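J.: What follows is the file input_23.txt, containing compact mmCIF, C-alpha atoms:
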```
# COMPACT_ATOMS: atom_id res chain seq x y z
CA MET A 625 -34.20 -40.31 -34.96
CA ALA A 626 -31.54 -38.56 -37.02
CA ALA A 627 -33.23 -39.52 -40.26
CA PRO A 628 -36.69 -37.92 -39.51
CA LEU A 629 -35.07 -34.71 -38.30
CA LEU A 630 -33.11 -34.36 -41.48
CA SER A 631 -36.23 -34.93 -43.55
CA LEU A 632 -38.17 -32.24 -41.73
CA SER A 633 -35.47 -29.60 -41.92
CA SER A 634 -34.59 -30.09 -45.57
CA PRO A 635 -37.28 -29.27 -48.19
CA THR A 636 -35.47 -31.14 -50.89
CA PRO A 637 -36.01 -34.86 -51.08
CA SER A 638 -33.22 -36.93 -49.73
CA THR A 639 -32.24 -40.51 -49.50
CA THR A 640 -34.02 -40.78 -46.17
CA ALA A 641 -37.43 -39.85 -47.57
CA PRO A 642 -38.58 -43.41 -48.14
CA LEU A 643 -38.07 -44.02 -44.42
CA LEU A 644 -40.85 -41.54 -43.53
CA HIS A 645 -43.50 -43.93 -44.74
CA HIS A 646 -42.39 -46.48 -42.25
CA LEU A 647 -41.32 -44.17 -39.40
CA SER A 648 -43.80 -41.61 -38.02
CA PHE A 649 -42.65 -38.80 -35.70
CA LYS A 650 -44.88 -38.40 -32.65
CA GLY A 651 -44.55 -35.12 -30.82
CA ASN A 652 -44.65 -31.32 -31.17
CA VAL A 653 -42.15 -29.87 -33.57
CA ARG A 654 -42.20 -26.51 -31.76
CA THR A 655 -40.97 -28.05 -28.53
CA LEU A 656 -38.37 -30.07 -30.34
CA LYS A 657 -34.91 -29.01 -29.12
CA ALA A 658 -31.62 -30.57 -28.32
CA ASN A 659 -31.40 -31.76 -24.76
CA GLN A 660 -27.98 -31.56 -23.09
CA CYS A 661 -26.61 -34.91 -22.12
CA GLN A 662 -26.00 -35.38 -18.44
CA PHE A 663 -22.80 -37.32 -19.11
CA PRO A 664 -19.65 -35.46 -20.20
CA ALA A 665 -18.42 -35.95 -23.68
CA ILE A 666 -15.93 -38.76 -23.99
CA LYS A 667 -13.34 -38.39 -26.66
CA LEU A 668 -12.33 -41.71 -28.03
CA CYS A 669 -8.92 -41.65 -29.60
CA GLN A 670 -7.74 -44.59 -31.49
CA ARG A 671 -4.08 -44.95 -30.70
CA LYS A 672 -1.91 -46.75 -33.05
CA ALA A 673 -0.15 -49.65 -31.49
CA ASN A 674 3.51 -48.88 -31.52
CA GLN A 675 5.48 -51.77 -32.71
CA ARG A 676 8.23 -51.98 -30.08
CA GLN A 677 11.21 -54.09 -30.75
CA SER A 678 12.25 -56.44 -27.94
CA LEU A 679 15.50 -55.46 -26.19
CA VAL A 680 17.97 -58.29 -25.90
CA VAL A 681 20.60 -57.92 -23.15
CA ARG A 682 23.58 -60.17 -23.56
CA ASN A 683 26.53 -60.63 -21.26
CA GLN A 684 29.66 -59.93 -23.19
CA THR A 685 32.09 -60.70 -20.39
CA ALA A 686 33.54 -63.79 -22.00
CA SER A 687 34.09 -62.02 -25.29
CA PHE A 688 35.55 -59.01 -23.45
CA VAL A 689 38.00 -61.20 -21.55
CA GLU A 690 39.01 -63.00 -24.72
CA GLU A 691 39.49 -59.69 -26.54
CA SER A 692 41.52 -58.28 -23.66
CA PHE A 693 43.78 -61.34 -23.61
CA VAL A 694 44.20 -61.29 -27.35
CA SER A 695 44.79 -57.56 -27.70
CA GLY A 696 46.85 -57.21 -24.53
CA GLY A 697 44.16 -55.59 -22.33
CA ASN A 698 43.48 -52.55 -24.53
CA VAL A 699 39.70 -53.07 -24.55
CA ARG A 700 37.93 -50.35 -22.62
CA LEU A 701 35.87 -51.38 -19.61
CA ARG A 702 32.23 -50.38 -20.07
CA LEU A 703 28.90 -51.06 -18.40
CA ASP A 704 27.83 -53.45 -21.12
CA ASN A 705 30.83 -55.74 -20.66
CA LEU A 706 30.91 -55.88 -16.86
CA GLY A 707 30.51 -59.30 -15.30
CA PRO A 708 32.29 -62.01 -13.36
CA GLN A 709 35.25 -63.84 -14.76
CA PRO A 710 34.39 -66.93 -16.75
CA GLY A 711 34.45 -69.95 -14.47
CA SER A 712 34.27 -67.98 -11.21
CA ARG A 713 30.53 -68.57 -10.77
CA LYS A 714 28.72 -71.85 -10.86
CA LYS A 715 25.19 -72.94 -10.15
CA ALA A 716 24.41 -74.21 -6.68
CA LYS A 717 23.19 -77.72 -6.13
CA ARG A 718 19.39 -77.92 -6.12
CA LYS A 719 18.87 -80.40 -3.32
CA GLY A 720 15.54 -82.09 -2.85
CA ARG A 721 14.16 -81.14 -6.27
CA GLY A 722 13.76 -84.62 -7.66
CA HIS A 723 16.08 -87.25 -9.07
CA ALA A 724 16.58 -85.35 -12.31
CA ALA A 725 18.29 -82.48 -10.43
CA GLY A 726 21.04 -84.85 -9.29
CA GLN A 727 20.51 -84.26 -5.53
CA GLY A 728 16.99 -85.54 -5.06
CA GLY A 729 15.75 -88.11 -2.59
CA SER A 730 18.11 -88.07 0.39
CA CYS A 731 19.96 -84.96 -0.89
CA GLY A 732 23.36 -86.58 -0.46
CA PHE A 733 22.97 -87.32 3.26
CA GLY A 734 22.39 -91.05 2.91
CA MET A 735 19.41 -93.10 3.96
CA ARG A 736 20.01 -93.78 7.66
CA GLY A 737 22.21 -92.66 10.47
CA GLN A 738 22.55 -89.71 12.83
CA LYS A 739 23.95 -87.42 10.17
CA SER A 740 20.95 -87.96 7.92
CA ARG A 741 18.44 -86.89 10.59
CA SER A 742 17.29 -83.37 11.16
CA GLY A 743 18.75 -81.49 14.08
CA PRO A 744 22.19 -80.43 15.27
CA GLY A 745 23.97 -83.70 14.42
CA VAL A 746 27.23 -84.60 16.14
CA ARG A 747 29.52 -82.15 17.90
CA ARG A 748 32.85 -81.08 16.48
CA GLY A 749 35.70 -83.47 17.20
CA PHE A 750 33.42 -86.42 18.00
CA GLU A 751 34.67 -89.67 16.48
CA GLY A 752 31.92 -92.08 17.47
CA GLY A 753 33.13 -92.76 21.00
CA GLN A 754 36.77 -93.57 20.37
CA MET A 755 39.55 -91.38 21.72
CA PRO A 756 39.43 -88.21 19.58
CA LEU A 757 42.45 -86.76 17.87
CA TYR A 758 42.73 -83.70 20.11
CA ARG A 759 43.11 -86.04 23.10
CA ARG A 760 45.44 -88.52 21.41
CA LEU A 761 48.05 -85.92 20.48
CA PRO A 762 50.74 -85.09 23.05
CA LYS A 763 50.45 -81.68 24.66
CA LEU A 764 53.23 -79.09 24.63
CA ARG A 765 54.16 -76.79 27.46
CA GLY A 766 54.23 -73.03 27.31
CA ILE A 767 52.96 -70.91 24.46
CA ALA A 768 53.18 -73.86 22.05
CA GLY A 769 50.52 -75.62 24.08
CA GLY A 770 48.32 -72.54 24.34
CA MET A 771 49.30 -71.65 27.90
CA ARG A 772 50.20 -68.17 29.11
CA ALA A 773 53.29 -69.51 30.86
CA GLY A 774 55.24 -69.33 27.60
CA LEU A 775 54.43 -65.69 26.84
CA PRO A 776 57.33 -63.24 27.31
CA LYS A 777 57.26 -61.26 30.55
CA TYR A 778 60.07 -58.78 29.82
CA VAL A 779 61.75 -56.89 27.00
CA PRO A 780 65.29 -58.35 27.10
CA VAL A 781 68.38 -56.27 26.30
CA ASN A 782 71.99 -57.56 26.46
CA LEU A 783 74.99 -55.62 27.70
CA LYS A 784 76.73 -55.81 24.31
CA ASP A 785 73.80 -54.00 22.66
CA ILE A 786 73.98 -51.24 25.29
CA ALA A 787 77.72 -50.90 24.73
CA GLU A 788 77.18 -50.51 20.96
CA ALA A 789 74.39 -47.94 21.45
CA GLY A 790 76.91 -45.22 22.39
CA PHE A 791 75.90 -44.27 25.93
CA GLU A 792 78.19 -41.77 27.61
CA GLU A 793 79.41 -42.08 31.17
CA GLY A 794 76.84 -41.19 33.80
CA GLU A 795 73.81 -41.52 31.51
CA GLU A 796 70.66 -43.34 32.53
CA VAL A 797 69.73 -46.63 30.88
CA SER A 798 65.99 -47.26 31.09
CA LEU A 799 63.16 -48.36 28.86
CA GLU A 800 62.55 -44.80 27.61
CA SER A 801 66.23 -44.08 26.87
CA LEU A 802 66.56 -47.36 24.95
CA LYS A 803 63.52 -46.42 22.88
CA MET A 804 65.01 -43.00 22.10
CA LYS A 805 68.28 -44.64 21.03
CA GLY A 806 66.34 -46.97 18.75
CA LEU A 807 67.72 -50.02 20.45
CA ILE A 808 64.27 -51.48 21.06
CA ASN A 809 60.96 -50.86 19.34
CA PRO A 810 58.27 -52.82 21.19
CA SER A 811 54.88 -53.17 19.52
CA GLY A 812 51.61 -54.83 20.35
CA ARG A 813 51.66 -56.69 23.63
CA GLU A 814 55.37 -55.92 24.20
CA ARG A 815 54.61 -52.23 24.75
CA ARG A 816 53.35 -53.04 28.26
CA LEU A 817 56.25 -55.28 29.22
CA PRO A 818 59.03 -54.07 31.55
CA LEU A 819 62.76 -54.07 30.85
CA LYS A 820 65.20 -56.83 31.78
CA ILE A 821 68.99 -56.57 31.45
CA LEU A 822 70.84 -59.73 30.37
CA GLY A 823 74.55 -60.42 30.84
CA ASP A 824 75.70 -61.22 27.28
CA GLY A 825 78.68 -58.98 26.55
CA GLU A 826 80.93 -56.58 28.47
CA LEU A 827 80.50 -52.97 29.54
CA SER A 828 83.30 -50.56 30.40
CA VAL A 829 81.30 -47.33 30.94
CA LYS A 830 79.72 -46.41 34.25
CA LEU A 831 76.00 -46.01 33.71
CA GLU A 832 72.85 -45.80 35.82
CA PHE A 833 70.59 -48.75 35.13
CA LYS A 834 66.89 -48.72 35.97
CA ALA A 835 65.02 -51.89 35.07
CA ARG A 836 62.48 -54.28 36.48
CA ALA A 837 64.80 -57.29 36.49
CA PHE A 838 68.49 -58.14 36.06
CA SER A 839 70.01 -61.50 35.34
CA SER A 840 72.59 -62.73 37.85
CA ALA A 841 75.44 -62.49 35.30
CA ALA A 842 74.42 -58.96 34.30
CA LYS A 843 74.21 -57.85 37.93
CA GLU A 844 77.71 -59.14 38.67
CA LYS A 845 79.21 -57.47 35.59
CA LEU A 846 77.50 -54.14 36.30
CA GLU A 847 78.63 -54.11 39.90
CA ALA A 848 82.18 -54.96 38.79
CA ALA A 849 82.13 -52.07 36.26
CA GLY A 850 80.91 -49.62 38.94
CA CYS A 851 77.45 -49.05 37.51
CA SER A 852 74.47 -48.23 39.72
CA VAL A 853 71.66 -50.78 39.61
CA THR A 854 68.08 -49.82 40.51
CA VAL A 855 65.36 -52.47 40.50
CA LEU A 856 62.03 -50.83 39.71
CA PRO A 857 58.97 -52.10 41.57
CA GLY A 858 56.37 -53.96 39.59
CA ARG A 859 52.68 -53.39 39.40
CA LYS A 860 50.86 -54.67 42.43
CA LYS A 861 48.23 -57.24 41.78
CA TRP A 862 44.81 -56.36 43.12
CA VAL A 863 43.69 -58.51 46.02
CA LYS A 864 40.75 -58.42 48.35
CA PRO A 865 41.03 -56.10 51.36
CA SER A 866 40.91 -59.07 53.74
CA VAL A 867 43.75 -60.79 51.86
CA ALA A 868 45.78 -57.59 51.82
CA LYS A 869 45.33 -57.27 55.59
CA ASN A 870 46.52 -60.82 56.15
CA MET A 871 49.54 -60.26 53.90
CA ALA A 872 50.48 -57.08 55.79
CA ARG A 873 50.27 -58.96 59.09
CA ALA A 874 52.46 -61.74 57.69
CA ASP A 875 55.06 -59.26 56.45
CA GLU A 876 55.13 -57.58 59.83
CA TYR A 877 55.52 -60.92 61.60
CA PHE A 878 58.40 -62.06 59.40
CA ALA A 879 60.09 -58.67 59.64
CA LYS A 880 60.10 -58.97 63.44
CA LYS A 881 61.54 -62.46 63.20
CA ARG A 882 64.30 -61.30 60.86
CA ALA A 883 65.13 -58.41 63.18
CA ALA A 884 65.27 -60.75 66.19
CA ALA A 885 67.50 -63.17 64.29
CA ALA A 886 69.82 -60.34 63.26
CA ALA A 887 70.00 -59.09 66.87
CA ALA A 888 70.77 -62.59 68.14
CA ALA A 889 73.51 -63.00 65.54
CA ALA A 890 74.98 -59.63 66.54
CA THR A 891 75.03 -60.54 70.24
CA GLU A 892 76.66 -63.89 69.48
CA SER A 893 79.37 -62.24 67.43
CA ALA A 894 79.94 -59.66 70.16
CA GLU A 895 80.24 -62.36 72.84
CA SER A 896 82.62 -64.42 70.71
CA SER A 897 84.82 -61.40 70.05
CA ALA A 898 84.77 -60.48 73.80
CA SER A 899 85.75 -63.99 74.83
CA VAL A 900 88.67 -63.94 72.46
```
Can you dump the structure from the file as structure tokens?

T.:
Amino acid sequence: MAAPLLSLSSPTPSTTAPLLHHLSFKGNVRTLKANQCQFPAIKLCQRKANQRQSLVVRNQTASFVEESFVSGGNVRLRLDNLGPQPGSRKKAKRKGRGHAAGQGGSCGFGMRGQKSRSGPGVRRGFEGGQMPLYRRLPKLRGIAGGMRAGLPKYVPVNLKDIAEAGFEEGEEVSLESLKMKGLINPSGRERRLPLKILGDGELSVKLEFKARAFSSAAKEKLEAAGCSVTVLPGRKKWVKPSVAKNMARADEYFAKKRAAAAAAAATESAESSASV
């Protein structure tokens, strides 16, 4: 309809004039006006396709390592040359992906047998029914065999070490004083262990010893040197109330028997001395 409108508005002949013979305008020219379109105007912009160059990311770790070895490690470490060392990474085996992958078919587990089936398999240490290795080997006693009997129960200190520590006469020798002197430095499990005095060496100074245990040789030497020996009580093991009651009754019973035996021995000695 653009061609008839142009012909009506322009008095001069135009190139569209021959079209009027074929196209006839039906309607009133007075009521002819531009109707507003109900749809909003759509601007069509033809964007030029930007020719983007493809970005190629290449791992330059191998070249970086070679350059660093050649130049003595003067190559700067950057984000573009970060990566694992050459040879530190390798592809995992693709099991069950066909024969061409190298681990297809049975995936390296064989064709038959318990180990080729699905499930937990055999337990650790099982050797098909024969005597396993952990039962064939001889067992060791103590800590070497995994038993708690071989663990140390005391922090041992010899008399010669105490003599070299420089204790003065009348001083107290205990676990705390030995720690302050730097003679012992227990760590880990040994921090909870009590002190035990051993009899290796000689002591000429009178000291006050307080320890959980004394060896027989150490006790004799300390008593000969005039030192005071105090045996510290150990920690009581927790027992049931009923067991504790029975133990108290047993101690009372044996204490009475010891007292009766001592009284009988005293009366016998008195009678023997009176008869003489």

J.: Rank nothing, just name the residue among A:Ile821, A:Pro776, A:Thr854, A:Gly729 nearest to Ser840 in chain A, using all atoms listed in the file.

T.: A:Ile821

J.: So what do you get for CA of Gly850 in chain A versus CA of Gly794 in chain A, distance-wise?

T.: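 CA of Gly794 in chain A lies at a distance of 10.7 Å from CA of Gly850 in chain A.
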
J.: Per residue of range 805-842 of chain A within 12 Å of range 857-879 of chain A, which atom pair is closest and at what distance in Å (one decimal), using all atoms listed in the file, listed by chain and increasing number, as a Markdown table?

T.:
```
| residue | atom | partner | partner_atom | distance |
| --- | --- | --- | --- | --- |
| A:Arg816 | CA | A:Arg859 | CA | 11.2 |
| A:Leu817 | CA | A:Gly858 | CA | 10.5 |
| A:Pro818 | CA | A:Gly858 | CA | 8.5 |
| A:Leu819 | CA | A:Gly858 | CA | 10.8 |
| A:Lys834 | CA | A:Pro857 | CA | 10.3 |
| A:Ala835 | CA | A:Pro857 | CA | 8.9 |
| A:Arg836 | CA | A:Pro857 | CA | 6.6 |
| A:Ala837 | CA | A:Pro857 | CA | 9.3 |
```

J.: Please, what distance in Å, to one decimal, runs between CA of Val797 in chain A and CA of Leu775 in chain A?

T.: 24.8 Å

J.: One decimal, in Å: what's the spacing between CA of Pro780 in chain A and CA of Leu822 in chain A?

T.: 6.6 Å

J.: So, with all atoms listed in the file as the atoms that count, which of A:Pro762, A:Gly823, A:Pro810, A:Pro756 lies closest to Val781 in chain A?

T.: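 Checking each candidate against Val781 in chain A, we get A:Gly823 as the closest.
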
J.: Find the residues near Ser828 in chain A: any atom within 10 Å, counting all atoms listed in the file, skip ones fewer than 5 places away on the same chain, and give them as a JSON list (two decimals) with C-alpha atoms, in the coordinates of the input.

T.:
```json
[["chain", "number", "residue", "atom", "x", "y", "z"],
["A", 787, "ALA", "CA", 77.72, -50.90, 24.73],
["A", 793, "GLU", "CA", 79.41, -42.08, 31.17],
["A", 845, "LYS", "CA", 79.21, -57.47, 35.59],
["A", 846, "LEU", "CA", 77.50, -54.14, 36.30],
["A", 848, "ALA", "CA", 82.18, -54.96, 38.79],
["A", 849, "ALA", "CA", 82.13, -52.07, 36.26],
["A", 850, "GLY", "CA", 80.91, -49.62, 38.94],
["A", 851, "CYS", "CA", 77.45, -49.05, 37.51]]
```

J.: Find the residue from A:Gly749, A:Pro744, A:Ser839, A:Leu764 that sits nearest to Tyr778 in chain A; use only C-alpha atoms when measuring.

T.: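 With only C-alpha atoms as the atom set, the closest residue is A:Ser839.
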
J.: Tell me which protein, DNA and RNA residues are within 12 Å of Tyr758 in chain A, counting all atoms listed in the file, leaving out same-chain ones fewer than 6 positions away, and put them as a ChimeraX atom specification.

T.: /A:748-751,769

J.: Could you check which of A:Ser740, A:Ser730, A:Ser897, A:Asn782 is closest to Leu807 in chain A, using all atoms listed in the file?

T.: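 Of the candidates, the smallest distance to Leu807 in chain A is held by A:Asn782.
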